[in-house]
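File shown: protein.txt. Contents: compact mmCIF, C-alpha atoms.
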```txt
# COMPACT_ATOMS: atom_id res chain seq x y z
CA MET A 1 47.28 114.96 92.40
CA VAL A 2 50.35 112.72 92.15
CA GLN A 3 52.60 115.78 92.09
CA MET A 4 50.86 117.16 95.19
CA ARG A 5 51.48 113.90 97.08
CA VAL A 6 55.12 113.92 96.03
CA ASN A 7 55.52 117.51 97.23
CA CYS A 8 53.86 116.72 100.57
CA LEU A 9 56.15 113.71 101.05
CA LEU A 10 59.17 115.83 100.18
CA PHE A 11 58.13 118.44 102.76
CA LEU A 12 57.77 115.82 105.51
CA LEU A 13 61.12 114.26 104.63
CA LEU A 14 62.83 117.64 104.69
CA ALA A 15 61.33 118.42 108.09
CA THR A 16 62.61 115.13 109.50
CA VAL A 17 66.03 115.45 107.93
CA GLY A 18 66.28 119.09 108.94
CA ALA A 19 65.91 118.13 112.59
CA GLU A 20 68.51 115.40 112.13
CA ALA A 21 70.92 117.76 110.37
CA ARG A 22 70.66 120.44 113.05
CA ALA A 23 71.89 117.89 115.59
CA PHE A 24 75.36 117.85 113.99
CA SER A 25 75.43 120.99 111.85
CA GLN A 26 77.81 122.73 114.26
CA ILE A 27 81.07 121.17 113.17
CA GLN A 28 83.80 122.71 115.30
CA HIS A 29 87.15 123.12 113.61
CA TRP A 30 90.63 124.08 114.75
CA ILE A 31 94.27 123.54 113.79
CA THR A 32 96.80 122.08 116.22
CA ASP A 33 100.27 123.49 116.80
CA ASN A 34 101.78 120.96 114.39
CA GLY A 35 99.31 121.80 111.61
CA ALA A 36 96.80 118.95 111.96
CA ARG A 37 93.23 119.96 111.09
CA VAL A 38 90.65 118.82 113.66
CA TYR A 39 86.89 118.58 113.13
CA PHE A 40 84.63 117.85 116.10
CA VAL A 41 80.93 116.98 116.32
CA GLU A 42 79.52 116.80 119.84
CA THR A 43 76.86 114.11 120.38
CA HIS A 44 75.71 112.64 123.67
CA GLN A 45 73.11 110.06 122.64
CA ILE A 46 75.41 107.18 123.57
CA PRO A 47 78.60 107.10 125.70
CA MET A 48 80.86 106.44 122.72
CA VAL A 49 83.44 108.38 120.72
CA GLN A 50 84.61 107.81 117.15
CA PHE A 51 88.03 109.05 116.02
CA VAL A 52 89.21 109.02 112.40
CA VAL A 53 92.66 110.17 111.29
CA GLY A 54 93.13 110.65 107.56
CA PHE A 55 96.34 111.36 105.67
CA ASP A 56 96.78 112.39 102.04
CA ALA A 57 98.82 109.21 101.72
CA GLY A 58 96.86 106.90 99.45
CA SER A 59 98.21 105.04 96.45
CA ALA A 60 98.35 108.25 94.39
CA ARG A 61 101.43 109.02 96.50
CA ASP A 62 103.20 105.77 95.60
CA PRO A 63 106.39 106.21 93.59
CA ALA A 64 105.90 104.74 90.12
CA TYR A 65 108.53 102.10 90.82
CA LEU A 66 107.01 101.13 94.22
CA LYS A 67 103.31 100.74 93.54
CA GLY A 68 101.58 99.39 96.64
CA LEU A 69 103.92 101.14 99.09
CA SER A 70 101.19 103.24 100.72
CA ASN A 71 99.06 100.15 101.34
CA ILE A 72 101.89 98.30 103.09
CA VAL A 73 102.73 101.33 105.23
CA LYS A 74 99.07 101.49 106.29
CA GLY A 75 99.09 97.81 107.21
CA MET A 76 102.39 97.99 109.05
CA VAL A 77 101.69 100.80 111.51
CA GLU A 78 99.74 98.39 113.74
CA GLU A 79 102.49 95.75 113.69
CA GLY A 80 104.72 97.43 116.26
CA THR A 81 105.79 100.72 117.83
CA SER A 82 108.73 101.93 119.86
CA SER A 83 107.29 100.28 122.98
CA MET A 84 104.85 97.58 121.77
CA ASP A 85 104.75 94.71 119.32
CA GLY A 86 101.67 93.87 117.27
CA ASP A 87 100.23 91.46 119.84
CA MET A 88 100.55 94.03 122.60
CA ILE A 89 98.79 96.64 120.46
CA SER A 90 95.90 94.31 119.74
CA THR A 91 95.64 93.23 123.37
CA SER A 92 95.69 96.84 124.55
CA PHE A 93 92.70 97.75 122.40
CA ASP A 94 90.83 94.57 123.32
CA SER A 95 91.39 95.07 127.05
CA VAL A 96 89.35 98.30 127.03
CA GLY A 97 86.80 97.17 124.46
CA ALA A 98 88.07 99.61 121.81
CA GLU A 99 87.80 98.88 118.10
CA TYR A 100 90.67 99.81 115.79
CA SER A 101 90.63 99.62 111.99
CA SER A 102 92.44 101.07 109.01
CA GLY A 103 91.96 101.45 105.30
CA SER A 104 93.41 103.08 102.23
CA GLY A 105 92.47 104.01 98.70
CA ARG A 106 93.84 106.13 95.93
CA ASP A 107 93.49 109.42 97.82
CA ILE A 108 93.58 108.66 101.51
CA ALA A 109 94.98 106.42 104.23
CA LEU A 110 92.76 106.39 107.31
CA PHE A 111 92.80 105.01 110.83
CA GLU A 112 89.76 104.65 113.07
CA LEU A 113 89.21 104.15 116.78
CA ARG A 114 85.86 103.55 118.46
CA SER A 115 85.75 103.59 122.23
CA LEU A 116 83.55 104.18 125.25
CA SER A 117 83.86 107.77 126.42
CA GLU A 118 84.52 106.82 130.05
CA GLU A 119 87.76 108.60 130.92
CA ALA A 120 89.69 105.63 132.29
CA ILE A 121 88.88 103.52 129.23
CA LEU A 122 89.44 106.29 126.71
CA ASP A 123 92.83 107.20 128.17
CA GLY A 124 94.29 103.78 127.47
CA ALA A 125 92.78 103.46 124.00
CA ILE A 126 93.94 106.90 122.85
CA ASP A 127 97.47 106.47 124.16
CA VAL A 128 97.89 103.35 122.03
CA PHE A 129 96.12 104.89 119.02
CA GLY A 130 98.40 107.93 119.01
CA GLU A 131 101.52 105.80 119.33
CA VAL A 132 100.47 103.47 116.52
CA ILE A 133 100.05 106.38 114.12
CA SER A 134 103.11 108.41 115.07
CA GLU A 135 105.72 105.84 116.21
CA PRO A 136 105.54 102.68 114.07
CA SER A 137 108.70 100.58 114.23
CA PHE A 138 108.12 98.61 111.00
CA PRO A 139 109.56 95.30 112.25
CA GLU A 140 111.15 93.19 109.52
CA ASP A 141 109.39 89.92 110.41
CA ALA A 142 105.97 91.55 110.35
CA MET A 143 106.81 93.25 107.09
CA GLU A 144 107.31 89.92 105.36
CA ARG A 145 103.94 88.68 106.68
CA VAL A 146 102.18 91.79 105.41
CA ARG A 147 103.98 91.57 102.06
CA GLN A 148 102.98 87.93 101.59
CA ARG A 149 99.38 88.76 102.49
CA VAL A 150 99.34 91.46 99.81
CA LEU A 151 100.95 89.18 97.21
CA ILE A 152 98.33 86.51 97.87
CA GLY A 153 95.64 89.15 97.43
CA LEU A 154 97.15 90.19 94.11
CA LYS A 155 97.14 86.60 92.86
CA ARG A 156 93.52 86.13 93.91
CA ARG A 157 92.58 89.34 92.14
CA GLU A 158 93.72 87.86 88.84
CA GLN A 159 91.32 84.93 89.35
CA SER A 160 88.29 87.23 89.42
CA PRO A 161 86.98 88.57 86.09
CA GLY A 162 85.47 91.56 87.88
CA SER A 163 88.80 92.46 89.44
CA VAL A 164 90.59 92.00 86.12
CA ALA A 165 88.06 94.28 84.43
CA SER A 166 88.56 96.95 87.09
CA ARG A 167 92.34 96.78 86.83
CA VAL A 168 92.29 97.03 83.02
CA PHE A 169 89.76 99.87 83.16
CA TYR A 170 91.79 102.01 85.57
CA ASN A 171 95.09 101.26 83.83
CA ARG A 172 93.80 102.36 80.42
CA LEU A 173 91.65 105.26 81.59
CA TYR A 174 94.34 106.90 83.72
CA GLN A 175 97.43 105.56 81.91
CA ASP A 176 100.47 107.28 83.50
CA HIS A 177 98.42 109.15 86.12
CA PRO A 178 98.83 108.02 89.78
CA TYR A 179 95.19 106.85 89.82
CA SER A 180 95.95 104.19 87.22
CA HIS A 181 97.22 101.47 89.54
CA SER A 182 95.39 99.57 92.26
CA PRO A 183 96.09 100.58 95.88
CA LEU A 184 97.34 97.00 96.34
CA GLY A 185 100.10 97.69 93.84
CA GLU A 186 101.66 95.12 91.54
CA GLU A 187 103.43 91.87 92.30
CA GLN A 188 106.80 93.03 91.00
CA THR A 189 106.83 96.37 92.85
CA VAL A 190 105.44 94.99 96.11
CA SER A 191 108.23 92.39 96.10
CA GLN A 192 110.84 95.17 95.91
CA ILE A 193 109.61 97.34 98.80
CA SER A 194 112.13 97.61 101.65
CA ARG A 195 111.75 98.60 105.27
CA GLN A 196 113.56 101.86 104.53
CA ASP A 197 110.94 102.64 101.90
CA LEU A 198 108.27 102.36 104.61
CA VAL A 199 110.20 104.61 106.96
CA ASP A 200 110.76 107.24 104.27
CA PHE A 201 107.11 107.23 103.18
CA HIS A 202 105.90 107.54 106.77
CA GLU A 203 108.29 110.40 107.49
CA GLU A 204 107.11 112.31 104.41
CA PHE A 205 103.36 111.83 104.55
CA TYR A 206 102.41 110.95 108.15
CA VAL A 207 102.89 114.47 109.44
CA GLY A 208 100.72 117.06 111.13
CA ALA A 209 100.39 119.34 108.11
CA ASN A 210 99.06 116.38 106.09
CA ALA A 211 96.67 115.07 108.78
CA VAL A 212 92.93 115.43 109.32
CA LEU A 213 91.44 114.27 112.64
CA VAL A 214 87.67 113.84 113.02
CA ILE A 215 86.13 113.35 116.47
CA VAL A 216 82.45 112.51 116.87
CA GLY A 217 80.77 111.62 120.12
CA ASP A 218 80.32 112.02 123.82
CA LEU A 219 82.91 114.67 124.65
CA SER A 220 82.81 118.35 125.50
CA PRO A 221 84.75 120.75 123.26
CA GLU A 222 87.40 121.06 125.97
CA GLN A 223 87.75 117.29 126.25
CA ALA A 224 87.92 116.98 122.45
CA ARG A 225 90.86 119.39 122.30
CA ILE A 226 92.73 117.39 124.92
CA ARG A 227 92.07 114.10 123.13
CA ALA A 228 93.07 115.58 119.78
CA GLY A 229 96.42 116.56 121.24
CA GLN A 230 96.96 113.05 122.60
CA ILE A 231 96.41 111.59 119.15
CA VAL A 232 98.28 113.94 116.79
CA ASP A 233 100.82 115.86 118.91
CA GLY A 234 103.35 113.08 118.36
CA LEU A 235 103.45 113.79 114.63
CA PRO A 236 106.13 116.12 113.29
CA ARG A 237 104.75 119.21 111.59
CA GLY A 238 106.08 118.36 108.12
CA ALA A 239 104.56 119.90 104.99
CA ASN A 240 101.63 119.47 102.64
CA PRO A 241 102.37 117.16 99.71
CA SER A 242 102.46 118.53 96.19
CA PRO A 243 99.17 118.50 94.22
CA ILE A 244 98.18 115.35 92.38
CA PRO A 245 98.67 115.76 88.60
CA GLU A 246 95.71 116.80 86.48
CA VAL A 247 93.61 114.01 84.99
CA ARG A 248 93.36 114.04 81.21
CA GLY A 249 90.34 112.31 79.69
CA LEU A 250 90.24 110.15 76.60
CA ASN A 251 90.07 111.86 73.23
CA GLU A 252 88.20 109.00 71.54
CA SER A 253 86.25 105.84 72.22
CA VAL A 254 88.40 102.86 73.23
CA VAL A 255 87.31 99.20 73.34
CA LEU A 256 89.40 96.56 75.11
CA SER A 257 88.62 92.83 75.27
CA VAL A 258 90.33 90.44 77.65
CA SER A 259 89.86 86.70 77.31
CA PHE A 260 88.89 85.01 80.59
CA PRO A 261 87.52 81.49 81.20
CA SER A 262 84.10 82.36 82.62
CA SER A 263 80.48 81.87 81.57
CA GLN A 264 79.78 85.56 82.20
CA THR A 265 81.35 88.57 80.56
CA HIS A 266 82.07 91.57 82.78
CA LEU A 267 81.50 94.92 81.13
CA LEU A 268 82.79 98.27 82.34
CA MET A 269 81.98 101.41 80.35
CA GLY A 270 82.87 104.95 81.30
CA GLN A 271 85.28 107.84 81.46
CA ALA A 272 86.98 110.21 83.87
CA GLY A 273 84.16 111.86 85.80
CA ILE A 274 84.40 114.63 88.39
CA ALA A 275 86.42 115.73 91.40
CA ARG A 276 84.67 115.71 94.77
CA ASN A 277 84.35 119.49 94.96
CA ASP A 278 82.96 119.88 91.43
CA PRO A 279 80.09 122.42 91.18
CA ASP A 280 78.06 119.87 89.17
CA TYR A 281 78.19 117.34 92.01
CA PHE A 282 74.55 117.62 93.10
CA PRO A 283 72.92 117.57 89.64
CA LEU A 284 75.09 114.59 88.68
CA TYR A 285 74.31 112.83 91.98
CA VAL A 286 70.56 113.16 91.40
CA GLY A 287 70.80 112.35 87.71
CA ASN A 288 72.86 109.23 88.27
CA HIS A 289 70.30 108.04 90.83
CA ILE A 290 67.82 108.00 87.94
CA LEU A 291 70.17 106.62 85.31
CA GLY A 292 71.74 103.73 87.20
CA GLY A 293 72.23 104.41 90.88
CA ASN A 294 68.84 103.43 92.27
CA GLY A 295 68.80 99.65 92.26
CA LEU A 296 66.12 97.90 90.25
CA ILE A 297 64.12 100.99 89.24
CA SER A 298 66.84 102.96 87.47
CA ARG A 299 66.81 103.49 83.70
CA LEU A 300 69.63 101.02 83.16
CA ALA A 301 68.04 98.35 85.35
CA THR A 302 64.70 98.76 83.59
CA ASP A 303 66.15 98.66 80.08
CA ILE A 304 68.76 95.94 80.57
CA ARG A 305 67.47 93.75 83.38
CA GLU A 306 63.70 94.08 83.63
CA GLU A 307 62.66 94.45 79.99
CA ARG A 308 65.29 92.23 78.35
CA GLY A 309 66.72 90.01 81.09
CA LEU A 310 70.27 90.60 79.93
CA ALA A 311 71.83 91.08 83.37
CA TYR A 312 71.01 90.33 86.98
CA SER A 313 72.66 93.55 88.11
CA VAL A 314 73.53 96.72 86.24
CA TYR A 315 74.40 100.09 87.71
CA SER A 316 76.21 103.36 87.10
CA THR A 317 78.23 105.39 89.57
CA PHE A 318 80.41 108.45 89.93
CA SER A 319 83.46 107.97 92.17
CA PRO A 320 84.73 111.52 92.72
CA MET A 321 88.20 111.97 94.19
CA LYS A 322 90.68 114.86 94.56
CA GLU A 323 91.09 114.74 90.83
CA PRO A 324 88.26 113.41 88.64
CA GLY A 325 87.45 109.83 89.59
CA PRO A 326 85.70 107.57 87.10
CA PHE A 327 82.10 107.48 85.94
CA ILE A 328 81.36 103.78 85.36
CA VAL A 329 78.53 101.65 84.02
CA ASN A 330 79.02 98.11 85.34
CA LEU A 331 77.22 94.89 84.45
CA GLN A 332 77.73 91.17 83.98
CA THR A 333 75.95 89.16 81.31
CA ARG A 334 76.13 85.84 79.46
CA SER A 335 79.05 85.91 77.07
CA ASP A 336 76.86 85.17 74.05
CA GLN A 337 74.82 88.33 74.67
CA ALA A 338 77.60 90.65 75.83
CA GLU A 339 77.65 92.69 72.63
CA LEU A 340 73.88 93.24 72.78
CA ALA A 341 73.95 94.22 76.46
CA GLU A 342 76.82 96.64 75.88
CA GLY A 343 75.11 98.28 72.93
CA LEU A 344 71.80 98.71 74.76
CA SER A 345 73.55 100.09 77.85
CA MET A 346 75.40 102.65 75.76
CA GLU A 347 72.14 103.63 74.06
CA THR A 348 70.44 104.14 77.43
CA VAL A 349 73.29 106.40 78.51
CA ARG A 350 73.18 108.36 75.23
CA GLN A 351 69.43 108.92 75.47
CA PHE A 352 69.72 110.08 79.07
CA VAL A 353 72.51 112.51 78.23
CA GLU A 354 70.58 113.91 75.27
CA GLN A 355 67.11 114.11 76.85
CA GLY A 356 67.65 114.10 80.60
CA PRO A 357 65.03 112.75 83.05
CA ASP A 358 61.36 113.68 83.21
CA GLN A 359 59.76 115.56 86.09
CA ASP A 360 58.28 112.48 87.76
CA GLU A 361 61.65 110.72 87.72
CA LEU A 362 63.33 113.79 89.16
CA GLU A 363 60.89 114.22 92.04
CA ALA A 364 60.95 110.51 92.87
CA ALA A 365 64.76 110.50 92.90
CA LYS A 366 64.96 113.56 95.15
CA SER A 367 62.41 112.06 97.57
CA ASN A 368 64.31 108.80 97.65
CA ILE A 369 67.69 110.45 98.27
CA ILE A 370 66.35 112.77 100.96
CA GLY A 371 64.42 109.94 102.62
CA GLY A 372 67.58 107.85 102.82
CA PHE A 373 69.75 110.63 104.17
CA PRO A 374 69.13 109.91 107.89
CA LEU A 375 70.60 106.44 107.39
CA ARG A 376 73.83 108.05 106.13
CA VAL A 377 74.28 109.85 109.47
CA SER A 378 72.65 107.35 111.82
CA SER A 379 75.74 106.59 113.92
CA ASN A 380 78.90 108.29 115.17
CA GLY A 381 80.91 106.25 112.68
CA LYS A 382 78.80 107.32 109.70
CA ILE A 383 78.88 110.96 110.76
CA ALA A 384 82.66 110.72 111.16
CA ASP A 385 83.08 109.27 107.67
CA ASN A 386 80.99 112.10 106.20
CA VAL A 387 82.88 114.76 108.13
CA LEU A 388 86.18 113.25 106.98
CA GLY A 389 85.01 113.73 103.40
CA ILE A 390 84.15 117.35 104.17
CA ALA A 391 87.56 117.93 105.71
CA PHE A 392 89.67 116.01 103.21
CA TYR A 393 88.04 117.39 100.08
CA GLY A 394 87.59 120.95 101.31
CA LEU A 395 83.78 121.00 101.31
CA PRO A 396 81.80 123.63 103.24
CA LEU A 397 81.37 122.88 106.94
CA ASN A 398 77.60 123.07 106.48
CA HIS A 399 77.62 120.38 103.77
CA LEU A 400 75.67 117.85 105.86
CA ALA A 401 73.27 120.45 107.23
CA THR A 402 72.41 121.71 103.73
CA PHE A 403 72.64 118.41 101.83
CA SER A 404 68.90 117.78 101.59
CA GLU A 405 68.09 121.34 100.57
CA ARG A 406 70.75 121.17 97.86
CA ILE A 407 69.17 117.95 96.57
CA LYS A 408 65.68 119.49 96.70
CA ASP A 409 66.85 122.48 94.63
CA VAL A 410 68.19 120.41 91.72
CA SER A 411 66.24 121.11 88.54
CA LEU A 412 65.68 119.21 85.29
CA GLU A 413 67.77 121.77 83.43
CA GLN A 414 70.66 121.36 85.88
CA VAL A 415 70.67 117.58 85.53
CA LYS A 416 70.52 117.68 81.75
CA GLY A 417 73.17 120.39 81.51
CA ALA A 418 75.53 118.66 83.93
CA PHE A 419 75.31 115.33 82.10
CA GLN A 420 75.85 116.95 78.72
CA ARG A 421 78.95 118.72 80.06
CA ARG A 422 80.39 115.82 82.01
CA VAL A 423 79.31 112.54 80.36
CA LEU A 424 80.56 112.03 76.81
CA PRO A 425 79.47 108.61 75.46
CA GLY A 426 81.45 109.18 72.27
CA LYS A 427 84.66 109.12 74.33
CA PHE A 428 83.92 106.14 76.57
CA LEU A 429 86.35 103.41 77.49
CA ARG A 430 84.64 100.01 77.17
CA VAL A 431 86.26 96.98 78.78
CA ARG A 432 85.03 93.39 78.25
CA VAL A 433 86.42 90.50 80.27
CA GLY A 434 85.08 87.03 79.55
CA SER A 435 85.04 84.16 77.08
CA GLY A 436 82.94 85.90 74.45
```

Go through the file and emit its structure as structure tokens.
Amino acid sequence: MVQMRVNCLLFLLLATVGAEARAFSQIQHWITDNGARVYFVETHQIPMVQFVVGFDAGSARDPAYLKGLSNIVKGMVEEGTSSMDGDMISTSFDSVGAEYSSGSGRDIALFELRSLSEEAILDGAIDVFGEVISEPSFPEDAMERVRQRVLIGLKRREQSPGSVASRVFYNRLYQDHPYSHSPLGEEQTVSQISRQDLVDFHEEFYVGANAVLVIVGDLSPEQARIRAGQIVDGLPRGANPSPIPEVRGLNESVVLSVSFPSSQTHLLMGQAGIARNDPDYFPLYVGNHILGGNGLISRLATDIREERGLAYSVYSTFSPMKEPGPFIVNLQTRSDQAELAEGLSMETVRQFVEQGPDQDELEAAKSNIIGGFPLRVSSNGKIADNVLGIAFYGLPLNHLATFSERIKDVSLEQVKGAFQRRVLPGKFLRVRVGSG
């Protein structure tokens, strides 16, 4: 009877999500004359348009001796262009009610614009947006402000045990791989970055062949093509960057302890996980939801938090990137019980890898994931972020339209097999930061 209710709920959720998915399943795609890849989703529910430009220009592209360069380039493009200074850029966006933002990580540097679709308003916002991306002037005075802001952030990072744990974890797990360092860089290398370094990096990576443009919103296909040209036509064609080096996992278990004056010990346990286009993505996604990705009712939360009270929060996550990103179990606990919490967490992971979930857990996880899917695509901005992932990581154009069906089709055997292939507790890196 319980199984019948679960199946009925799953059917209703799929029907709802199916209608939602059909609304944006027709992702239109073309390539501009300078090689930029454009992805367009037409929606007319509200008179707004979301634009996202992504470049393969994250911190993995930093030279080893200039860690943090990509982050400063990202922050500097809005500080001045050939015709505007930073204040003029900000005022120009504000005057038409447009919202501009930027961000960067290990794989990608991205720039977003959200604007009303009214032609007169959109014209002004897009003209500035395109100029910011393609014609930054990198003024020296602004560069020093941005540099100091980054250096302050680096100092603050060292005052947080969680940030220290993350830094140590990535450094040891990835060692000499470009993923090893934080996108913020390091104090010594950030201090050495020159204006010419910014110019050279921008010239190499901010080019049409290395650009993805996502447009979601209240435009016709013809209008979208015109707007795409306004944004990316100013970029030189350039070339695709070379592939990121292959990630090599650990050959044995490694334990690192860092002394830190805090009442709590931060624990990170894990390994190199999967790339974003890995064929095991869906079984691992569902399985991790059961193991540690589903808040207070996951295996880890039940074993560590609910039954033993060893941590307020404990979770596990895969962070797939172009090359395998990390699989991490993360928790904080009192320093005097850190060893116990770590041991029990590792045992929970081992049991899950060996035995997999049961049928009830699997069906509940799939229902929960499918039921939450509409929230992942509930706005132009969220759709744009998802489409950027499709474009950047080379996923099928129907990824969003088929997401719920792919989740529904995951079996117990697939989850168990994927975890046994991909999660190796005997080769985990375990990092402890605290006073214990």

(request) Quick one: everything within 9 Å of Leu219 of chain A, counting only C-alpha atoms, minus sequence neighbours fewer than 6 positions away in the same chain. Send it as a PyMOL selection string. (result) chain A and resi 41-44+47-49+117

Residues as selected, C-alpha atoms, written as a short mmCIF file (atom, residue, chain, number, x, y, z; two decimals), keeping the file's coordinate frame, can you do that?
```cif
data_model
loop_
_atom_site.label_atom_id
_atom_site.label_comp_id
_atom_site.auth_asym_id
_atom_site.auth_seq_id
_atom_site.Cartn_x
_atom_site.Cartn_y
_atom_site.Cartn_z
CA VAL A 41 80.93 116.98 116.32
CA GLU A 42 79.52 116.80 119.84
CA THR A 43 76.86 114.11 120.38
CA HIS A 44 75.71 112.64 123.67
CA PRO A 47 78.60 107.10 125.70
CA MET A 48 80.86 106.44 122.72
CA VAL A 49 83.44 108.38 120.72
CA SER A 117 83.86 107.77 126.42
#
```

(request) Rank A:Ala275, A:Glu144, A:Pro221, A:Ala165 by their smallest atom-to-atom distance to Arg195 of chain A, using all atoms listed in the file, and report the top residue only. (result)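 When distances to Arg195 of chain A are compared using all atoms listed in the file, the smallest one comes from A:Glu144.
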
(message) Which residues are near segment 279-293 of chain A? Cut-off 7 Å, all atoms listed in the file, ignore same chain within fewer than 2 positions. Put them as a PyMOL selection string.
(response) chain A and resi 277+295+298-301+315-317+361+365-366+407+410+414-415+418-419

Ser313 of chain A: which residues within 10 Å, counting only C-alpha atoms, same-chain residues fewer than 3 positions away excluded, as an mmCIF file with C-alpha atoms, keeping the file's coordinate frame?
```
data_model
loop_
_atom_site.group_PDB
_atom_site.id
_atom_site.type_symbol
_atom_site.label_atom_id
_atom_site.label_comp_id
_atom_site.auth_asym_id
_atom_site.auth_seq_id
_atom_site.Cartn_x
_atom_site.Cartn_y
_atom_site.Cartn_z
ATOM 1 C CA GLY A 295 68.800 99.650 92.260
ATOM 2 C CA LEU A 296 66.120 97.900 90.250
ATOM 3 C CA LEU A 300 69.630 101.020 83.160
ATOM 4 C CA ALA A 301 68.040 98.350 85.350
ATOM 5 C CA ILE A 304 68.760 95.940 80.570
ATOM 6 C CA ARG A 305 67.470 93.750 83.380
ATOM 7 C CA GLY A 309 66.720 90.010 81.090
ATOM 8 C CA LEU A 310 70.270 90.600 79.930
ATOM 9 C CA ASN A 330 79.020 98.110 85.340
ATOM 10 C CA LEU A 331 77.220 94.890 84.450
ATOM 11 C CA GLN A 332 77.730 91.170 83.980
ATOM 12 C CA THR A 333 75.950 89.160 81.310
#
```

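Here atom CA of Ile328 of chain A stands at a distance of 20.2 Å from atom CA of Ser59 of chain A.
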
(request) To one decimal in Å, tell me the separation between atom CA of Gly68 of chain A and atom CA of Leu184 of chain A. (result)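 According to the coordinates, atom CA of Gly68 of chain A and atom CA of Leu184 of chain A are separated by 4.9 Å.
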
Closest atom pairs, segment 172-205 of chain A residues within 10 Å of segment 102-105 of chain A, only C-alpha atoms, as JSON lines:
```
{"residue": "A:Tyr179", "atom": "CA", "partner": "A:Gly105", "partner_atom": "CA", "distance": 9.7}
{"residue": "A:Ser182", "atom": "CA", "partner": "A:Gly105", "partner_atom": "CA", "distance": 8.3}
{"residue": "A:Pro183", "atom": "CA", "partner": "A:Gly105", "partner_atom": "CA", "distance": 5.7}
{"residue": "A:Leu184", "atom": "CA", "partner": "A:Gly105", "partner_atom": "CA", "distance": 8.9}
```

(request) Tell me, in Å to one decimal, how far atom CA of Arg145 of chain A is from atom CA of Gly162 of chain A. (result) 26.5 Å

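The list of residues within 12 Å of (92.1, 103.4, 73.4), counted using all atoms listed in the file, is Val168, Phe169, Asn171, Arg172, Leu173, Tyr174, Gln175, Gly249, Leu250, Asn251, Glu252, Ser253, Val254, Val255, Leu256, Ser257, Gln271, Lys427, Phe428, Leu429, Arg430 and Val431 of chain A.
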
Create the file for the chosen residues now, containing C-alpha atoms and written as a compact mmCIF listing (two decimals), in the coordinates of the input.
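After the write, part_30.txt holds the following:
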```txt
# COMPACT_ATOMS: atom_id res chain seq x y z
CA VAL A 168 92.29 97.03 83.02
CA PHE A 169 89.76 99.87 83.16
CA ASN A 171 95.09 101.26 83.83
CA ARG A 172 93.80 102.36 80.42
CA LEU A 173 91.65 105.26 81.59
CA TYR A 174 94.34 106.90 83.72
CA GLN A 175 97.43 105.56 81.91
CA GLY A 249 90.34 112.31 79.69
CA LEU A 250 90.24 110.15 76.60
CA ASN A 251 90.07 111.86 73.23
CA GLU A 252 88.20 109.00 71.54
CA SER A 253 86.25 105.84 72.22
CA VAL A 254 88.40 102.86 73.23
CA VAL A 255 87.31 99.20 73.34
CA LEU A 256 89.40 96.56 75.11
CA SER A 257 88.62 92.83 75.27
CA GLN A 271 85.28 107.84 81.46
CA LYS A 427 84.66 109.12 74.33
CA PHE A 428 83.92 106.14 76.57
CA LEU A 429 86.35 103.41 77.49
CA ARG A 430 84.64 100.01 77.17
CA VAL A 431 86.26 96.98 78.78
```

(message) Can you tell me which residues surround segment 244-248 of chain A at a distance of at most 7 Å, considering only C-alpha atoms, apart from same-chain residues fewer than 3 positions away, and format the answer as a list in words?
(response)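 Counting only C-alpha atoms, the residues come to His177, Glu323 and Pro324 of chain A.
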
(request) Please provide the set of residues having any atom within 12 Å of Gly389 of chain A, restricted to all atoms listed in the file, with same-chain residues fewer than 6 positions apart removed, written as a VMD selection string. (result) chain A and resid 39 52 to 56 107 to 108 110 212 to 214 276 to 277 320 to 322 382 to 383 395 to 397 399 to 400

Taking only residues of segment 222-289 of chain A that have an atom at most 12 Å from an atom of segment 199-202 of chain A, what is each one's shortest atom pair and its distance in Å to one decimal, using all atoms listed in the file, in chain and number order, as a Markdown table?
```
| residue | atom | partner | partner_atom | distance |
| --- | --- | --- | --- | --- |
| A:Leu235 | CA | A:His202 | CA | 10.3 |
| A:Pro236 | CA | A:His202 | CA | 10.8 |
| A:Gly238 | CA | A:His202 | CA | 10.9 |
| A:Pro241 | CA | A:Phe201 | CA | 11.5 |
```

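For the choices A:Val164, A:Ala401, A:Leu268, A:Leu388, the atom-to-atom distance to Met346 of chain A is smallest for A:Leu268 when using all atoms listed in the file.
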
Give, as lines of an AutoDock Vina configuration file, the centre coordinates and the x, y and z edge lengths in Å to one decimal for an axis-aligned box around all listed atoms of segment 200-205 of chain A, padded by 8 Å on each side.
```
center_x = 107.1
center_y = 109.8
center_z = 105.3
size_x = 23.4
size_y = 21.1
size_z = 20.3
```

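Shortest atom-to-atom contact with Asp127 of chain A among A:Val216, A:Ile31, A:Val232, A:Ala36: A:Val232, counting only C-alpha atoms.
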
Writing N, CA and C atoms and nothing else, produce segment 186-190 of chain A as a short mmCIF file (atom, residue, chain, number, x, y, z; two decimals), in the first residue's frame.
```cif
data_model
loop_
_atom_site.label_atom_id
_atom_site.label_comp_id
_atom_site.auth_asym_id
_atom_site.auth_seq_id
_atom_site.Cartn_x
_atom_site.Cartn_y
_atom_site.Cartn_z
N GLU A 186 46.43 33.33 -3.73
CA GLU A 186 47.23 33.37 -2.52
C GLU A 186 47.80 34.77 -2.34
N GLU A 187 48.06 35.13 -1.10
CA GLU A 187 48.50 36.50 -0.81
C GLU A 187 49.74 36.88 -1.62
N GLN A 188 50.71 35.99 -1.68
CA GLN A 188 51.96 36.32 -2.37
C GLN A 188 51.74 36.53 -3.87
N THR A 189 50.95 35.64 -4.51
CA THR A 189 50.77 35.75 -5.96
C THR A 189 49.85 36.92 -6.32
N VAL A 190 48.81 37.14 -5.52
CA VAL A 190 47.91 38.27 -5.79
C VAL A 190 48.69 39.58 -5.72
#
```
